[in-house]
Structure formats: structure tokens, C-alpha cells
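Chemist: Just passing along the structure, written as C-alpha cells.
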Amino acid sequence: MSEFTLVIGNKNYSSWSLRGWLICKAAGIEFEEVLIRLYEPDTKANVARYSPSGLMPVLVHGGLSIWDSLAIGEYLHELRPAAGLWPEAAAARAIARSVSAEMHAGFAELRREMPMNIRASFPGHGHTPEVMAQVQRIVGMWLDCRKRFAGSAPRDDGFLFGTFTIADVMYAPVVTRFRTYGVKLDSEAQRYCDALLNHAAMKEWCEEARHEPWLVAEYEFR
Ligand SMILES: N[C@@H](CCC(=O)N[C@@H](CS)C(=O)NCC(=O)O)C(=O)O
């Protein structure tokens with residue numbers, strides 16, 4: 001039995017679960033997965049067994065339940081400092097936390113109009129002026145991070161701060177949304193999306209999402 005348990009929702013639809021799961025993978029911990037299907041009559045009762053907020057992901061470690069993706073990231077960063085979950089340099093780390101917090105607390109229109117649906121393709125759906133303004137802000141932030149920090153990082157693997165960090169994890173669901181909803185990007189931003197989509201753990205999650213049999217009708221825009 002693993003020391004850690006991660007409680008998540010459907011892999012195809014649960015964007016916050018994807019974040020929690022990628023953080024656990026990046027931290028290099030062994031963990032057991034408990035998947036609770038979203039939008040079922042017993043979802044709330046099942047989640048309540050693990051999560052005081054009623055939301056997933058939840059990381060259970062010993063007697064502790066950590067019920068928020070960023071809090072899971074901070075906890076594992078403290079437990080596994082060598083995993084590099086945040087950039088090493090203080091300035092890079094401060095900006096990585098800023099871009100992560102901006103995602104965690106913002107971009108409501110994008111999240112509402114373009115819900116994560118990894119296996120689907122709905123090009124053009126949700127391209128409202130408000131959403132496209134948020135896309136511009138996100139892409140601007142990505143390019144700024146790459147320009148200021150990736151080159152001076154100990155290694156540049158194509159991610160925002162060179163190596164894969166929590167900041168990339170925060171934008172991983174956004175990258176799948178851009179693919180699902182056919183958001184056109186310039187070549188540099190597309191290269192960043194490709195780096196994320198080709199990350200081994202990301203590929204593993206997306207593959208499993210594609211094979212899930214469950215459909216949530218309100219996120220299938222046909
Ligand atoms: N801020 C939270 C957001 C978590 C969240 O909204 N989770 C959704 C799934 S993506 C959820 O658990 N929904 C369950 C429900 O609404 O019953 C985090 O970062 O973990």
C-alpha cells in the first residue's frame with residue numbers, strides 16, 4: 001500500500017484533478033489513485049468522505065487531507081525539495097508563484113466557455129471576445145516567462161522556467177483546451193504547448209482520459 005492517496009475526478013473532464021496528479025508525478029511520489037466520477041447522484045457523498053470542501057483533488061497522507069491543487073504542490077515541494085517543483089532562483093520562483101496564482105484564481109470566462117474535454121474536438125466553440133482576451137493574457141505571460149527565465153535556468157526543456165514546474169502544471173489543462181477548441185497560436189506559444197503535451201506524465205493522463213467510457217453531456221458541444 002502506498003503512503004499517499006490522491007482522490008481525483010474523471011480524467012477527461014477534471015482539470016483540477018489533472019493538476020494534482022501531475023504535481024504528484026513531478027514530485028516522484030508513489031501514490032494510489034481513487035477516482036470519483038463527477039456529475040453522478042452519489043458524487044457529493046463520495047467526495048465528502050475525503051474532502052472538507054467537497055472538491056477534488058485531495059491528497060491523503062497519513063492523517064492529513066490536503067484538498068487544493070496549489071496546497072498539494074506546496075506540501076510536496078516541502079516534502080521533496082529536490083524534485084524542483086518550483087524554480088530554484090528566488091526571482092523565478094516568485095514569478096512562477098504569481099503565474100500559478102493568476103491561473104488558480106482567474107480566467108473564469110475561459111474555464112466556463114472552454115471546459116476541459118481532452119478527447120473532444122470543438123474548433124471555434126467558445127471563442128468569445130472575453131475568452132480571446134484571456135487567451136492573449138495567458139500567451140503573453142508564457143512568452144514573458146520563457147524569455148526572462150528559461151534561458152538562465154539550469155536546463156531548458158521548453159517549459160516556462162526551463163524545467164517542468166508547478167507553473168506548467170497550472171497551465172496543462174489550458175493547453176488541452178487550446179487543442180480541443182482549436183485556438184490558433186503563434187509558433188513560440190505552440191512550441192510551449194507541444195512541450196507540455198509531450199511531457200510523459202501528461203501523455204499518460206491524456207491516454208487514460210481518451211479511454212474513459214463516461215460522457216458528461218453538458219461538456220459535449222455537438
Ligand atoms: N481550487 C480547487 C478547485 C477544485 C475543483 O473545483 N474541483 C472540481 C473538479 S475539477 C470538483 O471537485 N468538483 C466536484 C463537484 O463539484 O461535485 C483546487 O485547486 O483544487
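Naming works like this for the C-alpha cells: A, B, ... for the chains as they're shown, residue 1 at the start of each chain, ligands 1 onward in shown order.
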Identify, with DSSP run on backbone atoms, the residues in segment 4-200 of chain A assigned to strand (DSSP E), and express the list as number ranges by chain.
Modeler: A: 4-8, 31-35, 58-61, 64-66
Chemist: Tell me, as a PDB file with C-alpha atoms, in the first residue's frame, which residues lie within 7 Å of segment 22-35 of chain A, counting only C-alpha atoms; anything in the same chain fewer than 6 positions away does not count.
Modeler:
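Result went into selection15.pdb, see below:
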ATOM      1  CA  SER A   2       1.297   3.470  -0.921  1.00  0.00           C
ATOM      2  CA  GLU A   3       1.990   6.134   1.664  1.00  0.00           C
ATOM      3  CA  PHE A   4      -0.032   8.635  -0.413  1.00  0.00           C
ATOM      4  CA  THR A   5      -3.541   8.530  -1.916  1.00  0.00           C
ATOM      5  CA  LEU A   6      -4.760  11.024  -4.497  1.00  0.00           C
ATOM      6  CA  VAL A   7      -8.507  11.436  -4.950  1.00  0.00           C
ATOM      7  CA  ILE A   8      -9.434  12.695  -8.412  1.00  0.00           C
ATOM      8  CA  GLY A   9     -12.388  13.157 -10.760  1.00  0.00           C
ATOM      9  CA  ASN A  10     -12.824  11.939 -14.355  1.00  0.00           C
ATOM     10  CA  GLY A  73       2.052  21.494  -4.671  1.00  0.00           C
ATOM     11  CA  LEU A  76       5.067  18.153  -1.812  1.00  0.00           C
ATOM     12  CA  ARG A  80      10.548  16.645  -1.726  1.00  0.00           C
ATOM     13  CA  ALA A  83      12.146  17.410  -7.093  1.00  0.00           C
ATOM     14  CA  LEU A  85       8.581  21.643  -8.172  1.00  0.00           C
ATOM     15  CA  ILE A 166       4.100  23.750 -10.826  1.00  0.00           C
ATOM     16  CA  VAL A 169       1.146  22.118 -14.234  1.00  0.00           C
ATOM     17  CA  ALA A 201       3.026  12.181 -17.405  1.00  0.00           C
TER      18      ALA A 201
END
Chemist: Could you pull out the residues sitting within 6 Å of ligand 1, using only C-alpha atoms and all ligand atoms, and write them as an MDAnalysis selection string?
Modeler: chainID A and resid 14:17 43:44 55:57 68:70
Chemist: Excluding Phe107 of chain A and any residue of its chain fewer than 5 positions from it, enumerate the residues within 9 Å of it, using only C-alpha atoms, and give them as JSON, numbers by chain.
Modeler: {"A": [102, 112, 131, 134, 135, 138]}
Chemist: Between atom CA of Pro173 of chain A and atom CA of Ile118 of chain A, what distance in Å does the model show, to one decimal?
Modeler: 8.6 Å
